[in-house]
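File shown: model_35.tsv. Contents: TSV, C-alpha atoms.
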chain	number	residue	atom	x	y	z
X	14	LYS	CA	-4.46	-47.78	-30.89
X	15	ALA	CA	-0.72	-47.48	-31.18
X	16	GLY	CA	1.37	-50.47	-30.18
X	17	VAL	CA	4.50	-50.63	-28.09
X	18	THR	CA	7.18	-48.37	-29.54
X	19	GLN	CA	10.85	-48.98	-29.00
X	20	THR	CA	13.58	-46.59	-30.05
X	21	PRO	CA	16.00	-46.77	-31.62
X	22	ARG	CA	15.48	-49.88	-33.77
X	23	TYR	CA	19.18	-50.40	-34.36
X	24	LEU	CA	22.24	-49.29	-32.45
X	25	ILE	CA	25.95	-49.87	-32.80
X	26	LYS	CA	28.15	-49.09	-29.82
X	27	THR	CA	31.77	-49.62	-28.88
X	28	ARG	CA	32.86	-51.78	-25.97
X	29	GLY	CA	33.02	-49.73	-22.77
X	30	GLN	CA	30.38	-47.23	-23.83
X	31	GLN	CA	26.94	-46.96	-22.32
X	32	VAL	CA	23.56	-47.05	-24.02
X	33	THR	CA	19.99	-46.03	-23.22
X	34	LEU	CA	17.01	-47.71	-24.86
X	35	SER	CA	13.50	-46.35	-24.76
X	36	CYS	CA	10.08	-47.99	-24.65
X	37	SER	CA	6.66	-46.36	-24.91
X	38	PRO	CA	3.94	-48.79	-23.83
X	39	ILE	CA	0.42	-49.01	-25.15
X	40	SER	CA	-1.68	-46.16	-23.82
X	41	GLY	CA	-3.18	-47.14	-20.46
X	42	HIS	CA	-0.74	-49.96	-19.82
X	43	ARG	CA	1.14	-49.54	-16.56
X	44	SER	CA	3.40	-52.57	-16.54
X	45	VAL	CA	6.55	-52.62	-18.66
X	46	SER	CA	8.97	-55.54	-18.86
X	47	TRP	CA	12.32	-55.82	-20.60
X	48	TYR	CA	13.85	-58.94	-22.13
X	49	GLN	CA	17.15	-59.75	-23.76
X	50	GLN	CA	17.03	-62.13	-26.70
X	51	THR	CA	20.15	-63.85	-28.02
X	52	PRO	CA	20.55	-66.93	-30.22
X	53	GLY	CA	22.36	-68.81	-27.47
X	54	GLN	CA	20.34	-67.86	-24.38
X	55	GLY	CA	16.89	-67.35	-25.82
X	56	LEU	CA	14.55	-64.85	-24.18
X	57	GLN	CA	15.80	-63.75	-20.78
X	58	PHE	CA	13.91	-61.51	-18.37
X	59	LEU	CA	15.70	-58.33	-17.35
X	60	PHE	CA	13.25	-56.42	-15.16
X	61	GLU	CA	9.69	-55.29	-14.80
X	62	TYR	CA	8.26	-51.95	-13.75
X	63	PHE	CA	4.82	-51.06	-12.54
X	64	SER	CA	3.79	-47.55	-11.52
X	65	GLU	CA	7.38	-46.33	-11.61
X	66	THR	CA	8.60	-49.09	-9.26
X	67	GLN	CA	10.79	-52.02	-10.19
X	68	ARG	CA	8.80	-55.11	-9.17
X	69	ASN	CA	11.01	-57.86	-10.50
X	70	LYS	CA	14.57	-58.24	-11.61
X	71	GLY	CA	16.25	-61.01	-13.55
X	72	ASN	CA	19.75	-62.37	-13.11
X	73	PHE	CA	21.72	-59.67	-14.85
X	74	PRO	CA	24.68	-57.67	-13.52
X	75	GLY	CA	24.26	-54.20	-12.09
X	76	ARG	CA	25.41	-52.70	-15.39
X	77	PHE	CA	21.84	-53.23	-16.54
X	78	SER	CA	19.40	-50.78	-15.02
X	79	GLY	CA	16.08	-49.26	-15.85
X	80	ARG	CA	13.43	-46.84	-14.80
X	81	GLN	CA	9.84	-45.97	-15.51
X	82	PHE	CA	8.36	-42.52	-15.72
X	83	SER	CA	5.00	-41.24	-14.53
X	84	ASN	CA	3.57	-41.60	-18.05
X	85	SER	CA	4.61	-45.32	-17.97
X	86	ARG	CA	7.36	-44.85	-20.56
X	87	SER	CA	10.44	-46.82	-19.63
X	88	GLU	CA	14.13	-46.69	-20.32
X	89	MET	CA	16.82	-49.23	-19.80
X	90	ASN	CA	20.49	-48.41	-19.54
X	91	VAL	CA	23.51	-50.61	-20.00
X	92	SER	CA	26.84	-49.23	-18.84
X	93	THR	CA	30.35	-50.38	-19.70
X	94	LEU	CA	29.15	-52.37	-22.68
X	95	GLU	CA	30.64	-55.77	-23.41
X	96	LEU	CA	30.64	-57.72	-26.65
X	97	GLY	CA	28.28	-60.22	-25.04
X	98	ASP	CA	25.65	-57.51	-24.60
X	99	SER	CA	24.95	-57.65	-28.33
X	100	ALA	CA	21.34	-58.77	-28.54
X	101	LEU	CA	17.78	-57.87	-29.41
X	102	TYR	CA	16.24	-56.02	-26.46
X	103	LEU	CA	12.49	-56.40	-26.28
X	104	CYS	CA	10.05	-54.34	-24.29
X	105	ALA	CA	6.59	-55.59	-23.42
X	106	SER	CA	3.68	-53.79	-21.85
X	107	SER	CA	0.68	-55.14	-19.97
X	108	LEU	CA	-2.44	-53.54	-18.63
X	109	THR	CA	-1.76	-54.79	-15.11
X	110	GLN	CA	0.77	-57.05	-13.51
X	111	GLU	CA	-1.20	-60.25	-13.29
X	112	ASN	CA	-2.67	-62.72	-15.73
X	113	THR	CA	-2.67	-60.52	-18.79
X	114	GLU	CA	-0.90	-61.01	-22.05
X	115	ALA	CA	2.18	-59.00	-22.88
X	116	PHE	CA	2.30	-56.82	-25.97
X	117	PHE	CA	5.75	-56.56	-27.46
X	118	GLY	CA	7.56	-53.88	-29.36
X	119	GLN	CA	9.72	-54.69	-32.37
X	120	GLY	CA	12.84	-54.46	-30.27
X	121	THR	CA	16.12	-52.63	-30.38
X	122	ARG	CA	18.96	-54.50	-32.04
X	123	LEU	CA	22.15	-53.57	-30.16
X	124	THR	CA	25.51	-54.47	-31.62
X	125	VAL	CA	28.62	-53.95	-29.52
X	126	VAL	CA	31.89	-53.83	-31.44
L	7	GLY	CA	10.69	-71.75	-9.41
L	8	ASP	CA	8.23	-71.52	-12.24
L	9	SER	CA	9.43	-72.67	-15.63
L	10	VAL	CA	8.38	-73.57	-19.15
L	11	THR	CA	9.90	-76.35	-21.23
L	12	GLN	CA	9.21	-76.70	-24.93
L	13	MET	CA	10.50	-79.03	-27.56
L	14	GLU	CA	13.74	-78.11	-29.22
L	15	GLY	CA	13.81	-77.15	-32.84
L	16	PRO	CA	14.14	-76.58	-35.54
L	17	VAL	CA	11.04	-78.33	-36.77
L	18	THR	CA	10.90	-78.69	-40.55
L	19	LEU	CA	7.61	-79.59	-42.22
L	20	SER	CA	6.18	-79.64	-45.70
L	21	GLU	CA	3.23	-77.42	-46.50
L	22	GLU	CA	-0.12	-78.91	-45.38
L	23	ALA	CA	1.56	-81.19	-42.81
L	24	CYS	CA	0.27	-81.40	-39.22
L	25	LEU	CA	2.12	-79.52	-36.52
L	26	THR	CA	2.53	-80.23	-32.82
L	27	ILE	CA	4.94	-78.30	-30.62
L	28	ASN	CA	5.08	-79.68	-27.10
L	29	CYS	CA	5.07	-77.41	-24.06
L	30	THR	CA	5.03	-78.34	-20.39
L	31	TYR	CA	5.21	-76.07	-17.41
L	32	THR	CA	6.01	-76.02	-13.71
L	33	ALA	CA	4.17	-73.44	-11.64
L	34	THR	CA	2.73	-72.76	-8.24
L	35	GLY	CA	-0.83	-71.63	-8.31
L	36	TYR	CA	-2.89	-71.37	-11.47
L	37	PRO	CA	-1.09	-69.53	-14.25
L	38	SER	CA	-2.42	-68.29	-17.53
L	39	LEU	CA	-0.74	-69.93	-20.51
L	40	PHE	CA	0.21	-68.35	-23.81
L	41	TRP	CA	1.71	-69.07	-27.19
L	42	TYR	CA	3.60	-66.23	-28.82
L	43	VAL	CA	5.00	-66.15	-32.35
L	44	GLN	CA	7.99	-64.22	-33.61
L	45	TYR	CA	8.38	-63.62	-37.34
L	46	PRO	CA	11.83	-62.71	-38.70
L	47	GLY	CA	12.93	-59.24	-37.71
L	48	GLU	CA	9.95	-58.60	-35.48
L	49	GLY	CA	8.97	-58.69	-31.83
L	50	LEU	CA	6.73	-61.33	-30.31
L	51	GLN	CA	3.00	-61.41	-31.03
L	52	LEU	CA	0.39	-63.17	-28.97
L	53	LEU	CA	-0.94	-66.14	-30.91
L	54	LEU	CA	-3.38	-67.61	-28.39
L	55	LYS	CA	-4.00	-67.94	-24.69
L	56	ALA	CA	-5.88	-69.95	-22.07
L	57	THR	CA	-6.56	-68.75	-18.57
L	58	LYS	CA	-7.83	-71.84	-16.77
L	59	ALA	CA	-7.77	-75.62	-16.89
L	60	ASP	CA	-9.47	-77.25	-19.92
L	61	ASP	CA	-9.70	-73.92	-21.76
L	62	LYS	CA	-8.80	-74.13	-25.44
L	63	GLY	CA	-7.13	-71.15	-27.06
L	64	SER	CA	-7.33	-70.84	-30.83
L	65	ASN	CA	-6.29	-68.41	-33.54
L	66	LYS	CA	-5.34	-68.59	-37.24
L	67	GLY	CA	-5.90	-72.36	-37.30
L	68	PHE	CA	-3.64	-72.94	-34.29
L	69	GLU	CA	-5.01	-74.31	-31.05
L	70	ALA	CA	-3.79	-75.39	-27.62
L	71	THR	CA	-5.59	-76.84	-24.61
L	72	TYR	CA	-4.68	-76.07	-21.00
L	73	ARG	CA	-4.14	-79.50	-19.41
L	74	LYS	CA	-3.68	-79.13	-15.67
L	75	GLU	CA	-3.33	-82.86	-15.05
L	76	THR	CA	-0.35	-83.15	-17.38
L	77	THR	CA	0.81	-79.51	-16.93
L	78	SER	CA	0.92	-79.15	-20.68
L	79	PHE	CA	-0.14	-76.66	-23.35
L	80	HIS	CA	0.81	-78.21	-26.69
L	81	LEU	CA	0.43	-76.12	-29.84
L	82	GLU	CA	-1.27	-77.82	-32.80
L	83	LYS	CA	-2.25	-76.97	-36.34
L	84	GLY	CA	-3.81	-79.33	-38.82
L	85	SER	CA	-2.27	-77.92	-42.00
L	86	VAL	CA	0.71	-75.58	-41.92
L	87	GLN	CA	1.57	-72.99	-44.55
L	88	VAL	CA	4.88	-71.50	-45.62
L	89	SER	CA	3.80	-68.27	-43.93
L	90	ASP	CA	3.73	-70.08	-40.57
L	91	SER	CA	7.52	-70.26	-40.59
L	92	ALA	CA	8.56	-68.46	-37.41
L	93	VAL	CA	9.73	-69.03	-33.85
L	94	TYR	CA	7.04	-70.09	-31.38
L	95	PHE	CA	7.29	-69.41	-27.66
L	96	CYS	CA	5.25	-71.02	-24.93
L	97	ALA	CA	4.80	-68.83	-21.84
L	98	LEU	CA	3.04	-68.54	-18.53
L	99	SER	CA	2.15	-65.66	-16.24
L	100	GLY	CA	0.11	-64.79	-13.21
L	101	THR	CA	1.66	-67.01	-10.59
L	102	GLY	CA	2.47	-64.13	-8.29
L	103	GLY	CA	5.86	-63.35	-9.74
L	104	PHE	CA	4.38	-60.58	-11.84
L	105	LYS	CA	6.32	-61.47	-14.92
L	106	THR	CA	5.84	-63.65	-17.97
L	107	ILE	CA	8.09	-66.69	-18.14
L	108	PHE	CA	9.00	-67.93	-21.59
L	109	GLY	CA	10.19	-71.21	-22.96
L	110	ALA	CA	13.30	-71.34	-25.13
L	111	GLY	CA	11.35	-71.07	-28.37
L	112	THR	CA	10.90	-73.54	-31.22
L	113	ARG	CA	11.81	-72.55	-34.74
L	114	LEU	CA	9.46	-73.85	-37.42
L	115	PHE	CA	10.40	-74.07	-41.09
L	116	VAL	CA	7.65	-74.90	-43.58
L	117	LYS	CA	8.74	-75.93	-47.08
L	118	ALA	CA	6.61	-75.36	-50.14
Re-express the file's structure as structure tokens.
Amino acid sequence: KAGVTQTPRYLIKTRGQQVTLSCSPISGHRSVSWYQQTPGQGLQFLFEYFSETQRNKGNFPGRFSGRQFSNSRSEMNVSTLELGDSALYLCASSLTQENTEAFFGQGTRLTVV
Amino acid sequence: GDSVTQMEGPVTLSEEACLTINCTYTATGYPSLFWYVQYPGEGLQLLLKATKADDKGSNKGFEATYRKETTSFHLEKGSVQVSDSAVYFCALSGTGGFKTIFGAGTRLFVKA
């Protein structure tokens, strides 16, 4: 079956702009989580959605937001981009919320210039 | 709160050397434990997992044992290959927070 699909793979944006990233989970998976990966900070949890509801949120400013649709696809949005937002954004899907492994997409590499 | 601590890298080994990457965790309840691997330019892939104390996860020659008494889940491989060069992440989930918590990652370089 198809894996987790993230689009686009690469993105270059200018400081102050906004960006929307998309994630299609594995068919049947209802939990989607987002992570930011940078060389300095490692893998940091952004938020998690289950059945269209945000269940958990990491320590990121309000410029970072997300949503999940009825088909479990998820989007995350970053407004007023800063240079420090340059990172690999990873999406992971799980069958349920508890005790199951996460399946990751290849990520979206965002560069803010 | 829950957390995962793993040894800092990078770890550089020669081909066929033994590998151990240490991982310890702090958690309430009884989490499941995982090792993920990230190859250059890719997302994370599940390498192995263990869901309860004394379970041993294994895959591709790697193994790790869930040690509740020492709250550890060390990754081991008896003979590494150049193709094992990657970043390895220890993680836990299922403690009620409904999210997977990752360690900082350990980069492994294997020289031919």
With 10 Å as the limit and counting all atoms listed in the file, what residues in chain L lie close to chain X? Please list them as a ChimeraX atom specification. /L:36-42,44,47-52,54-55,57,95,97-111
Dump as an mmCIF file, in the frame of the given file, selection limited to C-alpha atoms:
data_model
loop_
_atom_site.group_PDB
_atom_site.id
_atom_site.type_symbol
_atom_site.label_atom_id
_atom_site.label_comp_id
_atom_site.auth_asym_id
_atom_site.auth_seq_id
_atom_site.Cartn_x
_atom_site.Cartn_y
_atom_site.Cartn_z
ATOM 1 C CA TYR L 36 -2.890 -71.370 -11.470
ATOM 2 C CA PRO L 37 -1.090 -69.530 -14.250
ATOM 3 C CA SER L 38 -2.420 -68.290 -17.530
ATOM 4 C CA LEU L 39 -0.740 -69.930 -20.510
ATOM 5 C CA PHE L 40 0.210 -68.350 -23.810
ATOM 6 C CA TRP L 41 1.710 -69.070 -27.190
ATOM 7 C CA TYR L 42 3.600 -66.230 -28.820
ATOM 8 C CA GLN L 44 7.990 -64.220 -33.610
ATOM 9 C CA GLY L 47 12.930 -59.240 -37.710
ATOM 10 C CA GLU L 48 9.950 -58.600 -35.480
ATOM 11 C CA GLY L 49 8.970 -58.690 -31.830
ATOM 12 C CA LEU L 50 6.730 -61.330 -30.310
ATOM 13 C CA GLN L 51 3.000 -61.410 -31.030
ATOM 14 C CA LEU L 52 0.390 -63.170 -28.970
ATOM 15 C CA LEU L 54 -3.380 -67.610 -28.390
ATOM 16 C CA LYS L 55 -4.000 -67.940 -24.690
ATOM 17 C CA THR L 57 -6.560 -68.750 -18.570
ATOM 18 C CA PHE L 95 7.290 -69.410 -27.660
ATOM 19 C CA ALA L 97 4.800 -68.830 -21.840
ATOM 20 C CA LEU L 98 3.040 -68.540 -18.530
ATOM 21 C CA SER L 99 2.150 -65.660 -16.240
ATOM 22 C CA GLY L 100 0.110 -64.790 -13.210
ATOM 23 C CA THR L 101 1.660 -67.010 -10.590
ATOM 24 C CA GLY L 102 2.470 -64.130 -8.290
ATOM 25 C CA GLY L 103 5.860 -63.350 -9.740
ATOM 26 C CA PHE L 104 4.380 -60.580 -11.840
ATOM 27 C CA LYS L 105 6.320 -61.470 -14.920
ATOM 28 C CA THR L 106 5.840 -63.650 -17.970
ATOM 29 C CA ILE L 107 8.090 -66.690 -18.140
ATOM 30 C CA PHE L 108 9.000 -67.930 -21.590
ATOM 31 C CA GLY L 109 10.190 -71.210 -22.960
ATOM 32 C CA ALA L 110 13.300 -71.340 -25.130
ATOM 33 C CA GLY L 111 11.350 -71.070 -28.370
#
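Of note, atom CA of Cys96 of chain L and atom CA of Cys36 of chain X are spaced 23.5 Å apart.
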What does the structure give for the distance between atom CA of Gln30 of chain X and atom CA of Val125 of chain X, in Å to one decimal?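 For atom CA of Gln30 of chain X relative to atom CA of Val125 of chain X, the distance reads 9.0 Å.
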As a check of understanding: the span from atom CA of Ser99 of chain X to atom CA of Leu123 of chain X is 5.3 Å
At most 12 Å from (-0.5, -68.3, -45.1), file frame, only C-alpha atoms: which residues, as a compact mmCIF listing (two decimals) with C-alpha atoms, keeping the file's coordinate frame?
# COMPACT_ATOMS: atom_id res chain seq x y z
CA GLU L 21 3.23 -77.42 -46.50
CA GLU L 22 -0.12 -78.91 -45.38
CA LYS L 66 -5.34 -68.59 -37.24
CA GLY L 67 -5.90 -72.36 -37.30
CA SER L 85 -2.27 -77.92 -42.00
CA VAL L 86 0.71 -75.58 -41.92
CA GLN L 87 1.57 -72.99 -44.55
CA VAL L 88 4.88 -71.50 -45.62
CA SER L 89 3.80 -68.27 -43.93
CA ASP L 90 3.73 -70.08 -40.57
CA SER L 91 7.52 -70.26 -40.59
CA ALA L 92 8.56 -68.46 -37.41
CA VAL L 116 7.65 -74.90 -43.58
CA ALA L 118 6.61 -75.36 -50.14
Residues near Leu94 of chain X, anyone? I mean within 9 Å using only C-alpha atoms, not counting same-chain ones fewer than 2 positions away, as an MDAnalysis selection string. chainID X and resid 26:32 76 91:92 96:99 125
Got a sec: who's within 12 Å of Thr76 of chain L, counting only C-alpha atoms, leaving out chain neighbours fewer than 5 positions off, as a tab-separated table (two decimals) with C-alpha atoms, in the frame of the given file?
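Saved file selection.tsv follows:
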chain	number	residue	atom	x	y	z
L	28	ASN	CA	5.08	-79.68	-27.10
L	29	CYS	CA	5.07	-77.41	-24.06
L	30	THR	CA	5.03	-78.34	-20.39
L	31	TYR	CA	5.21	-76.07	-17.41
L	32	THR	CA	6.01	-76.02	-13.71
L	59	ALA	CA	-7.77	-75.62	-16.89
L	60	ASP	CA	-9.47	-77.25	-19.92
L	71	THR	CA	-5.59	-76.84	-24.61
For Gly41 of chain X, which of X:Thr20, X:Thr124, X:Ser85, X:Asn72 is the closest residue, counting all atoms listed in the file? X:Ser85
Choose the residue, out of X:Ile39, X:Leu59, X:Met89, X:Val126, that has the smallest atom-to-atom separation from Leu108 of chain X; count only C-alpha atoms.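 Using only C-alpha atoms, Leu108 of chain X sits closest to X:Ile39.
Using only C-alpha atoms, the protein and nucleic acid residues lying no more than 7 Å from Leu81 of chain L, apart from those fewer than 2 places from it along its own chain, are Thr26, Ile27, Asn28, Phe68, Glu69, Ala70 and Phe79 of chain L.
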Requested file, segment 46-58 of chain L restricted to all heavy atoms, as a PDB file, in the first residue's frame:
ATOM      1  N   PRO L  46      20.304   9.456   4.452  1.00  0.00           N
ATOM      2  CA  PRO L  46      20.427  10.805   3.888  1.00  0.00           C
ATOM      3  C   PRO L  46      19.315  11.128   2.901  1.00  0.00           C
ATOM      4  O   PRO L  46      19.024  10.351   1.989  1.00  0.00           O
ATOM      5  CB  PRO L  46      21.803  10.754   3.196  1.00  0.00           C
ATOM      6  CG  PRO L  46      22.561   9.734   3.964  1.00  0.00           C
ATOM      7  CD  PRO L  46      21.563   8.684   4.355  1.00  0.00           C
ATOM      8  N   GLY L  47      18.710  12.284   3.112  1.00  0.00           N
ATOM      9  CA  GLY L  47      17.684  12.756   2.190  1.00  0.00           C
ATOM     10  C   GLY L  47      16.332  12.089   2.322  1.00  0.00           C
ATOM     11  O   GLY L  47      15.442  12.308   1.489  1.00  0.00           O
ATOM     12  N   GLU L  48      16.160  11.290   3.352  1.00  0.00           N
ATOM     13  CA  GLU L  48      14.898  10.567   3.495  1.00  0.00           C
ATOM     14  C   GLU L  48      14.239  10.845   4.845  1.00  0.00           C
ATOM     15  O   GLU L  48      14.834  11.440   5.736  1.00  0.00           O
ATOM     16  CB  GLU L  48      15.134   9.069   3.339  1.00  0.00           C
ATOM     17  CG  GLU L  48      15.676   8.687   1.972  1.00  0.00           C
ATOM     18  CD  GLU L  48      15.777   7.185   1.808  1.00  0.00           C
ATOM     19  OE1 GLU L  48      15.211   6.444   2.634  1.00  0.00           O
ATOM     20  OE2 GLU L  48      16.435   6.751   0.846  1.00  0.00           O
ATOM     21  N   GLY L  49      13.000  10.393   4.975  1.00  0.00           N
ATOM     22  CA  GLY L  49      12.312  10.463   6.255  1.00  0.00           C
ATOM     23  C   GLY L  49      12.772   9.326   7.153  1.00  0.00           C
ATOM     24  O   GLY L  49      13.661   8.564   6.805  1.00  0.00           O
ATOM     25  N   LEU L  50      12.148   9.230   8.309  1.00  0.00           N
ATOM     26  CA  LEU L  50      12.513   8.174   9.252  1.00  0.00           C
ATOM     27  C   LEU L  50      11.804   6.871   8.902  1.00  0.00           C
ATOM     28  O   LEU L  50      10.657   6.876   8.467  1.00  0.00           O
ATOM     29  CB  LEU L  50      12.117   8.577  10.686  1.00  0.00           C
ATOM     30  CG  LEU L  50      13.058   9.495  11.431  1.00  0.00           C
ATOM     31  CD1 LEU L  50      13.086  10.876  10.837  1.00  0.00           C
ATOM     32  CD2 LEU L  50      12.673   9.559  12.909  1.00  0.00           C
ATOM     33  N   GLN L  51      12.505   5.760   9.131  1.00  0.00           N
ATOM     34  CA  GLN L  51      11.911   4.442   8.931  1.00  0.00           C
ATOM     35  C   GLN L  51      12.011   3.676  10.242  1.00  0.00           C
ATOM     36  O   GLN L  51      13.026   3.745  10.933  1.00  0.00           O
ATOM     37  CB  GLN L  51      12.675   3.639   7.876  1.00  0.00           C
ATOM     38  CG  GLN L  51      12.799   4.285   6.533  1.00  0.00           C
ATOM     39  CD  GLN L  51      13.720   3.475   5.632  1.00  0.00           C
ATOM     40  OE1 GLN L  51      13.919   2.266   5.837  1.00  0.00           O
ATOM     41  NE2 GLN L  51      14.276   4.104   4.632  1.00  0.00           N
ATOM     42  N   LEU L  52      10.968   2.933  10.552  1.00  0.00           N
ATOM     43  CA  LEU L  52      11.029   2.101  11.742  1.00  0.00           C
ATOM     44  C   LEU L  52      12.043   0.988  11.548  1.00  0.00           C
ATOM     45  O   LEU L  52      12.004   0.261  10.554  1.00  0.00           O
ATOM     46  CB  LEU L  52       9.657   1.499  12.033  1.00  0.00           C
ATOM     47  CG  LEU L  52       9.605   0.576  13.250  1.00  0.00           C
ATOM     48  CD1 LEU L  52       9.833   1.377  14.520  1.00  0.00           C
ATOM     49  CD2 LEU L  52       8.278  -0.168  13.312  1.00  0.00           C
ATOM     50  N   LEU L  53      12.963   0.855  12.493  1.00  0.00           N
ATOM     51  CA  LEU L  53      13.970  -0.202  12.421  1.00  0.00           C
ATOM     52  C   LEU L  53      13.528  -1.405  13.252  1.00  0.00           C
ATOM     53  O   LEU L  53      13.555  -2.538  12.795  1.00  0.00           O
ATOM     54  CB  LEU L  53      15.306   0.320  12.931  1.00  0.00           C
ATOM     55  CG  LEU L  53      16.485  -0.651  12.910  1.00  0.00           C
ATOM     56  CD1 LEU L  53      16.779  -1.138  11.504  1.00  0.00           C
ATOM     57  CD2 LEU L  53      17.728   0.003  13.518  1.00  0.00           C
ATOM     58  N   LEU L  54      13.130  -1.151  14.497  1.00  0.00           N
ATOM     59  CA  LEU L  54      12.642  -2.226  15.349  1.00  0.00           C
ATOM     60  C   LEU L  54      11.852  -1.633  16.502  1.00  0.00           C
ATOM     61  O   LEU L  54      11.928  -0.437  16.753  1.00  0.00           O
ATOM     62  CB  LEU L  54      13.786  -3.096  15.868  1.00  0.00           C
ATOM     63  CG  LEU L  54      14.956  -2.408  16.573  1.00  0.00           C
ATOM     64  CD1 LEU L  54      14.644  -2.176  18.033  1.00  0.00           C
ATOM     65  CD2 LEU L  54      16.227  -3.254  16.445  1.00  0.00           C
ATOM     66  N   LYS L  55      11.102  -2.489  17.189  1.00  0.00           N
ATOM     67  CA  LYS L  55      10.303  -2.009  18.299  1.00  0.00           C
ATOM     68  C   LYS L  55      10.151  -3.100  19.355  1.00  0.00           C
ATOM     69  O   LYS L  55      10.361  -4.292  19.080  1.00  0.00           O
ATOM     70  CB  LYS L  55       8.917  -1.559  17.837  1.00  0.00           C
ATOM     71  CG  LYS L  55       8.034  -2.701  17.352  1.00  0.00           C
ATOM     72  CD  LYS L  55       6.635  -2.207  17.025  1.00  0.00           C
ATOM     73  CE  LYS L  55       5.731  -3.354  16.587  1.00  0.00           C
ATOM     74  NZ  LYS L  55       4.354  -2.907  16.293  1.00  0.00           N
ATOM     75  N   ALA L  56       9.773  -2.651  20.565  1.00  0.00           N
ATOM     76  CA  ALA L  56       9.456  -3.577  21.654  1.00  0.00           C
ATOM     77  C   ALA L  56       8.324  -2.956  22.451  1.00  0.00           C
ATOM     78  O   ALA L  56       8.345  -1.752  22.733  1.00  0.00           O
ATOM     79  CB  ALA L  56      10.676  -3.819  22.542  1.00  0.00           C
ATOM     80  N   THR L  57       7.342  -3.739  22.780  1.00  0.00           N
ATOM     81  CA  THR L  57       6.148  -3.169  23.402  1.00  0.00           C
ATOM     82  C   THR L  57       6.031  -3.447  24.892  1.00  0.00           C
ATOM     83  O   THR L  57       5.180  -2.850  25.569  1.00  0.00           O
ATOM     84  CB  THR L  57       4.885  -3.682  22.701  1.00  0.00           C
ATOM     85  OG1 THR L  57       4.875  -5.105  22.772  1.00  0.00           O
ATOM     86  CG2 THR L  57       4.859  -3.244  21.245  1.00  0.00           C
ATOM     87  N   LYS L  58       6.853  -4.339  25.440  1.00  0.00           N
ATOM     88  CA  LYS L  58       6.782  -4.563  26.882  1.00  0.00           C
ATOM     89  C   LYS L  58       8.135  -5.006  27.411  1.00  0.00           C
ATOM     90  O   LYS L  58       9.025  -5.396  26.647  1.00  0.00           O
ATOM     91  CB  LYS L  58       5.720  -5.605  27.217  1.00  0.00           C
ATOM     92  CG  LYS L  58       5.941  -6.963  26.637  1.00  0.00           C
ATOM     93  CD  LYS L  58       4.771  -7.883  26.997  1.00  0.00           C
ATOM     94  CE  LYS L  58       5.039  -9.316  26.578  1.00  0.00           C
ATOM     95  NZ  LYS L  58       5.150  -9.486  25.123  1.00  0.00           N
TER      96      LYS L  58
END
